[in-house]
Structure formats: structure tokens, C-alpha cells
Amino acid sequence: MDLNTIAEVARPQSRAELPVWTAGDAFLAGGTWLFSEPQVHLKRLIDLTDLKWPALTIHERGLTIAATCTVAQLDALA
């Protein structure tokens, strides 16, 4: 699906660079939901992939899955 209302894509590389959230924003991360149906209310995407979060982290308490984790990364977890 085309997102033809997007006027800007922010690509922060650290938490300090995250822009102030405004109406019409959406986070772009590891999933594909944004592209599955029209999103005519959106004006800016905030791409989280350059934050370089670990996709998957295994702890004694369980599993942490980052917002930027792709389905392929999750599927590859042994």
C-alpha cells in the first residue's frame, strides 16, 4: 500500500534525536502493518530502525522483543 500522505520521514539515531510526537505521526519499525491498508491521517513516519535496538534478548525472566524486530528475525530464533 502506498502512503501518499507522508511528507516527512524522521530517522533518529539515538533517543535524544527522537522528534516530538505530533498528530499525524506513526512509528515505523519491524512490522508491516502500516503498509497493509490506507493511512490517510499520517503525515510523518518516525523510522526506529537506526536506533539499532537488539531485535531479541533472552533473559531469565523471558524474551524481550524490540519494536524493530522483523518477523524473519523472530522466526530464526532457536
# chains A, B, ... in the order shown; residues from 1 in each chain; ligands from 1

call {"tool": "residues_around", "arguments": {"residues": "A:Val40", "least_positions_apart": "4", "cutoff": "12 Å", "atoms": "only C-alpha atoms", "output": "list in words"}}
result
Met1, Asp2, Leu3, Asn4, Thr5, Ile6, Ala7, Gly24, Asp25, Ala26, Leu34, Phe35 and Arg44 of chain A

call {"tool": "select_by_dssp", "arguments": {"residues": "chain A", "states": "helix (DSSP H, G or I)", "output": "PyMOL selection string"}}
result
chain A and resi 15-17+33-35+49-51+71-76

call {"tool": "closest_residue", "arguments": {"among": "A:Leu18, A:Leu77, A:Ala10, A:Cys69", "to": "A:Lys52", "atoms": "only C-alpha atoms"}}
result
A:Cys69

call {"tool": "residues_around", "arguments": {"residues": "A:Pro54", "least_positions_apart": "4", "cutoff": "10 Å", "atoms": "only C-alpha atoms", "output": "mmCIF file with C-alpha atoms, in the first residue's frame"}}
result
data_model
loop_
_atom_site.group_PDB
_atom_site.id
_atom_site.type_symbol
_atom_site.label_atom_id
_atom_site.label_comp_id
_atom_site.auth_asym_id
_atom_site.auth_seq_id
_atom_site.Cartn_x
_atom_site.Cartn_y
_atom_site.Cartn_z
ATOM 1 C CA THR A 64 12.244 -9.171 25.069
ATOM 2 C CA ILE A 65 11.177 -8.407 21.506
ATOM 3 C CA ALA A 66 12.091 -4.965 20.172
ATOM 4 C CA ALA A 67 9.581 -2.964 18.155
ATOM 5 C CA THR A 68 12.095 -3.125 15.314
ATOM 6 C CA CYS A 69 12.261 -6.935 15.322
#

call {"tool": "residues_around", "arguments": {"residues": "A:Leu28", "least_positions_apart": "2", "cutoff": "7 Å", "atoms": "only C-alpha atoms", "output": "PyMOL selection string"}}
result
chain A and resi 26+45-48

call {"tool": "write_last_selection", "arguments": {"atoms": "all heavy atoms", "output": "PDB file, in the first residue's frame"}}
result
ATOM      1  N   ALA A  26       3.528   8.420  12.933  1.00  0.00           N
ATOM      2  CA  ALA A  26       3.475   6.973  13.164  1.00  0.00           C
ATOM      3  C   ALA A  26       4.904   6.468  13.263  1.00  0.00           C
ATOM      4  O   ALA A  26       5.796   6.960  12.561  1.00  0.00           O
ATOM      5  CB  ALA A  26       2.743   6.261  12.041  1.00  0.00           C
ATOM      6  N   LEU A  45       6.478   9.737   9.214  1.00  0.00           N
ATOM      7  CA  LEU A  45       6.908   8.465   9.789  1.00  0.00           C
ATOM      8  C   LEU A  45       8.168   8.712  10.605  1.00  0.00           C
ATOM      9  O   LEU A  45       9.052   9.466  10.195  1.00  0.00           O
ATOM     10  CB  LEU A  45       7.212   7.448   8.688  1.00  0.00           C
ATOM     11  CG  LEU A  45       6.049   7.015   7.823  1.00  0.00           C
ATOM     12  CD1 LEU A  45       6.528   6.017   6.772  1.00  0.00           C
ATOM     13  CD2 LEU A  45       4.930   6.415   8.649  1.00  0.00           C
ATOM     14  N   ILE A  46       8.246   8.074  11.750  1.00  0.00           N
ATOM     15  CA  ILE A  46       9.446   8.112  12.578  1.00  0.00           C
ATOM     16  C   ILE A  46      10.035   6.704  12.510  1.00  0.00           C
ATOM     17  O   ILE A  46       9.515   5.766  13.112  1.00  0.00           O
ATOM     18  CB  ILE A  46       9.122   8.527  14.023  1.00  0.00           C
ATOM     19  CG1 ILE A  46       8.449   9.913  14.025  1.00  0.00           C
ATOM     20  CG2 ILE A  46      10.392   8.530  14.876  1.00  0.00           C
ATOM     21  CD1 ILE A  46       7.894  10.340  15.368  1.00  0.00           C
ATOM     22  N   ASP A  47      11.090   6.566  11.725  1.00  0.00           N
ATOM     23  CA  ASP A  47      11.717   5.273  11.468  1.00  0.00           C
ATOM     24  C   ASP A  47      12.650   4.924  12.626  1.00  0.00           C
ATOM     25  O   ASP A  47      13.638   5.605  12.870  1.00  0.00           O
ATOM     26  CB  ASP A  47      12.490   5.339  10.155  1.00  0.00           C
ATOM     27  CG  ASP A  47      13.038   4.007   9.707  1.00  0.00           C
ATOM     28  OD1 ASP A  47      13.052   3.047  10.515  1.00  0.00           O
ATOM     29  OD2 ASP A  47      13.466   3.909   8.555  1.00  0.00           O
ATOM     30  N   LEU A  48      12.339   3.855  13.333  1.00  0.00           N
ATOM     31  CA  LEU A  48      13.096   3.465  14.529  1.00  0.00           C
ATOM     32  C   LEU A  48      14.265   2.535  14.227  1.00  0.00           C
ATOM     33  O   LEU A  48      15.050   2.236  15.121  1.00  0.00           O
ATOM     34  CB  LEU A  48      12.154   2.786  15.531  1.00  0.00           C
ATOM     35  CG  LEU A  48      10.973   3.622  16.018  1.00  0.00           C
ATOM     36  CD1 LEU A  48      10.101   2.801  16.960  1.00  0.00           C
ATOM     37  CD2 LEU A  48      11.441   4.904  16.671  1.00  0.00           C
TER      38      LEU A  48
END

call {"tool": "select_by_dssp", "arguments": {"residues": "chain A", "states": "strand (DSSP E)", "output": "JSON list (two decimals) with C-alpha atoms, in the first residue's frame"}}
result
[["chain", "number", "residue", "atom", "x", "y", "z"],
["A", 8, "GLU", "CA", 8.49, 13.58, 6.05],
["A", 9, "VAL", "CA", 10.42, 10.57, 7.34],
["A", 10, "ALA", "CA", 12.45, 11.18, 10.50],
["A", 25, "ASP", "CA", 2.88, 10.72, 13.23],
["A", 26, "ALA", "CA", 3.48, 6.97, 13.16],
["A", 27, "PHE", "CA", 6.41, 4.85, 14.24],
["A", 28, "LEU", "CA", 7.94, 2.72, 11.51],
["A", 44, "ARG", "CA", 5.23, 11.80, 9.13],
["A", 45, "LEU", "CA", 6.91, 8.47, 9.79],
["A", 46, "ILE", "CA", 9.45, 8.11, 12.58],
["A", 47, "ASP", "CA", 11.72, 5.27, 11.47],
["A", 56, "LEU", "CA", 15.63, -10.26, 20.54],
["A", 57, "THR", "CA", 17.05, -10.51, 24.04],
["A", 58, "ILE", "CA", 16.68, -13.63, 26.15],
["A", 63, "LEU", "CA", 12.12, -12.85, 25.99],
["A", 64, "THR", "CA", 12.24, -9.17, 25.07],
["A", 65, "ILE", "CA", 11.18, -8.41, 21.51]]

call {"tool": "atom_distance", "arguments": {"atom1": "atom CA of A:Thr49", "atom2": "atom CA of A:Trp33"}}
result
15.4 Å

call {"tool": "decode", "arguments": {"residues": "stretch 41-73 of chain A", "atoms": "N, CA and C atoms", "output": "PDB file, in the first residue's frame"}}
result
ATOM      1  N   HIS A  41      -4.473   9.600   7.436  1.00  0.00           N
ATOM      2  CA  HIS A  41      -4.289  10.574   8.516  1.00  0.00           C
ATOM      3  C   HIS A  41      -2.817  10.835   8.834  1.00  0.00           C
ATOM      4  N   LEU A  42      -1.918  10.039   8.266  1.00  0.00           N
ATOM      5  CA  LEU A  42      -0.498  10.172   8.598  1.00  0.00           C
ATOM      6  C   LEU A  42       0.201  11.209   7.728  1.00  0.00           C
ATOM      7  N   LYS A  43       1.105  11.949   8.356  1.00  0.00           N
ATOM      8  CA  LYS A  43       1.908  12.965   7.660  1.00  0.00           C
ATOM      9  C   LYS A  43       3.405  12.710   7.799  1.00  0.00           C
ATOM     10  N   ARG A  44       3.809  12.027   8.898  1.00  0.00           N
ATOM     11  CA  ARG A  44       5.234  11.799   9.133  1.00  0.00           C
ATOM     12  C   ARG A  44       5.442  10.408   9.706  1.00  0.00           C
ATOM     13  N   LEU A  45       6.478   9.737   9.214  1.00  0.00           N
ATOM     14  CA  LEU A  45       6.908   8.465   9.789  1.00  0.00           C
ATOM     15  C   LEU A  45       8.168   8.712  10.605  1.00  0.00           C
ATOM     16  N   ILE A  46       8.246   8.074  11.750  1.00  0.00           N
ATOM     17  CA  ILE A  46       9.446   8.112  12.578  1.00  0.00           C
ATOM     18  C   ILE A  46      10.035   6.704  12.510  1.00  0.00           C
ATOM     19  N   ASP A  47      11.090   6.566  11.725  1.00  0.00           N
ATOM     20  CA  ASP A  47      11.717   5.273  11.468  1.00  0.00           C
ATOM     21  C   ASP A  47      12.650   4.924  12.626  1.00  0.00           C
ATOM     22  N   LEU A  48      12.339   3.855  13.333  1.00  0.00           N
ATOM     23  CA  LEU A  48      13.096   3.465  14.529  1.00  0.00           C
ATOM     24  C   LEU A  48      14.265   2.535  14.227  1.00  0.00           C
ATOM     25  N   THR A  49      14.418   2.103  13.001  1.00  0.00           N
ATOM     26  CA  THR A  49      15.428   1.081  12.705  1.00  0.00           C
ATOM     27  C   THR A  49      16.859   1.556  12.937  1.00  0.00           C
ATOM     28  N   ASP A  50      17.146   2.850  12.781  1.00  0.00           N
ATOM     29  CA  ASP A  50      18.510   3.345  13.006  1.00  0.00           C
ATOM     30  C   ASP A  50      18.883   3.440  14.482  1.00  0.00           C
ATOM     31  N   LEU A  51      17.932   3.145  15.383  1.00  0.00           N
ATOM     32  CA  LEU A  51      18.260   3.130  16.807  1.00  0.00           C
ATOM     33  C   LEU A  51      19.079   1.896  17.180  1.00  0.00           C
ATOM     34  N   LYS A  52      19.115   0.918  16.285  1.00  0.00           N
ATOM     35  CA  LYS A  52      19.957  -0.291  16.457  1.00  0.00           C
ATOM     36  C   LYS A  52      19.643  -1.059  17.740  1.00  0.00           C
ATOM     37  N   TRP A  53      18.356  -1.140  18.075  1.00  0.00           N
ATOM     38  CA  TRP A  53      17.969  -1.938  19.231  1.00  0.00           C
ATOM     39  C   TRP A  53      18.197  -3.410  18.924  1.00  0.00           C
ATOM     40  N   PRO A  54      18.630  -4.227  19.919  1.00  0.00           N
ATOM     41  CA  PRO A  54      18.731  -5.664  19.684  1.00  0.00           C
ATOM     42  C   PRO A  54      17.331  -6.224  19.402  1.00  0.00           C
ATOM     43  N   ALA A  55      17.195  -6.974  18.326  1.00  0.00           N
ATOM     44  CA  ALA A  55      15.883  -7.494  17.931  1.00  0.00           C
ATOM     45  C   ALA A  55      15.286  -8.378  19.018  1.00  0.00           C
ATOM     46  N   LEU A  56      16.092  -9.285  19.545  1.00  0.00           N
ATOM     47  CA  LEU A  56      15.627 -10.258  20.536  1.00  0.00           C
ATOM     48  C   LEU A  56      16.646 -10.368  21.659  1.00  0.00           C
ATOM     49  N   THR A  57      16.175 -10.344  22.891  1.00  0.00           N
ATOM     50  CA  THR A  57      17.048 -10.510  24.038  1.00  0.00           C
ATOM     51  C   THR A  57      16.414 -11.538  24.967  1.00  0.00           C
ATOM     52  N   ILE A  58      17.170 -12.580  25.260  1.00  0.00           N
ATOM     53  CA  ILE A  58      16.683 -13.633  26.150  1.00  0.00           C
ATOM     54  C   ILE A  58      17.210 -13.363  27.556  1.00  0.00           C
ATOM     55  N   HIS A  59      16.304 -13.340  28.537  1.00  0.00           N
ATOM     56  CA  HIS A  59      16.631 -13.117  29.953  1.00  0.00           C
ATOM     57  C   HIS A  59      16.160 -14.331  30.748  1.00  0.00           C
ATOM     58  N   GLU A  60      16.500 -14.348  32.047  1.00  0.00           N
ATOM     59  CA  GLU A  60      15.942 -15.383  32.924  1.00  0.00           C
ATOM     60  C   GLU A  60      14.431 -15.228  33.019  1.00  0.00           C
ATOM     61  N   ARG A  61      13.948 -13.980  32.931  1.00  0.00           N
ATOM     62  CA  ARG A  61      12.512 -13.695  33.055  1.00  0.00           C
ATOM     63  C   ARG A  61      11.736 -13.987  31.776  1.00  0.00           C
ATOM     64  N   GLY A  62      12.430 -14.153  30.662  1.00  0.00           N
ATOM     65  CA  GLY A  62      11.722 -14.404  29.409  1.00  0.00           C
ATOM     66  C   GLY A  62      12.412 -13.772  28.223  1.00  0.00           C
ATOM     67  N   LEU A  63      11.631 -13.362  27.265  1.00  0.00           N
ATOM     68  CA  LEU A  63      12.123 -12.850  25.994  1.00  0.00           C
ATOM     69  C   LEU A  63      11.661 -11.410  25.803  1.00  0.00           C
ATOM     70  N   THR A  64      12.590 -10.540  25.434  1.00  0.00           N
ATOM     71  CA  THR A  64      12.244  -9.171  25.069  1.00  0.00           C
ATOM     72  C   THR A  64      12.320  -9.063  23.555  1.00  0.00           C
ATOM     73  N   ILE A  65      11.248  -8.573  22.952  1.00  0.00           N
ATOM     74  CA  ILE A  65      11.177  -8.407  21.506  1.00  0.00           C
ATOM     75  C   ILE A  65      11.097  -6.917  21.212  1.00  0.00           C
ATOM     76  N   ALA A  66      12.074  -6.392  20.498  1.00  0.00           N
ATOM     77  CA  ALA A  66      12.091  -4.965  20.172  1.00  0.00           C
ATOM     78  C   ALA A  66      11.021  -4.646  19.137  1.00  0.00           C
ATOM     79  N   ALA A  67      10.554  -3.413  19.149  1.00  0.00           N
ATOM     80  CA  ALA A  67       9.581  -2.964  18.155  1.00  0.00           C
ATOM     81  C   ALA A  67      10.143  -3.086  16.747  1.00  0.00           C
ATOM     82  N   THR A  68      11.446  -3.055  16.622  1.00  0.00           N
ATOM     83  CA  THR A  68      12.095  -3.125  15.314  1.00  0.00           C
ATOM     84  C   THR A  68      12.402  -4.554  14.868  1.00  0.00           C
ATOM     85  N   CYS A  69      12.038  -5.529  15.676  1.00  0.00           N
ATOM     86  CA  CYS A  69      12.261  -6.935  15.322  1.00  0.00           C
ATOM     87  C   CYS A  69      11.375  -7.310  14.137  1.00  0.00           C
ATOM     88  N   THR A  70      11.979  -7.935  13.138  1.00  0.00           N
ATOM     89  CA  THR A  70      11.199  -8.374  11.980  1.00  0.00           C
ATOM     90  C   THR A  70      10.659  -9.782  12.212  1.00  0.00           C
ATOM     91  N   VAL A  71       9.674 -10.143  11.436  1.00  0.00           N
ATOM     92  CA  VAL A  71       9.118 -11.498  11.523  1.00  0.00           C
ATOM     93  C   VAL A  71      10.216 -12.515  11.204  1.00  0.00           C
ATOM     94  N   ALA A  72      11.064 -12.221  10.251  1.00  0.00           N
ATOM     95  CA  ALA A  72      12.160 -13.130   9.891  1.00  0.00           C
ATOM     96  C   ALA A  72      13.115 -13.337  11.064  1.00  0.00           C
ATOM     97  N   GLN A  73      13.432 -12.278  11.797  1.00  0.00           N
ATOM     98  CA  GLN A  73      14.310 -12.415  12.969  1.00  0.00           C
ATOM     99  C   GLN A  73      13.659 -13.257  14.044  1.00  0.00           C
TER     100      GLN A  73
END
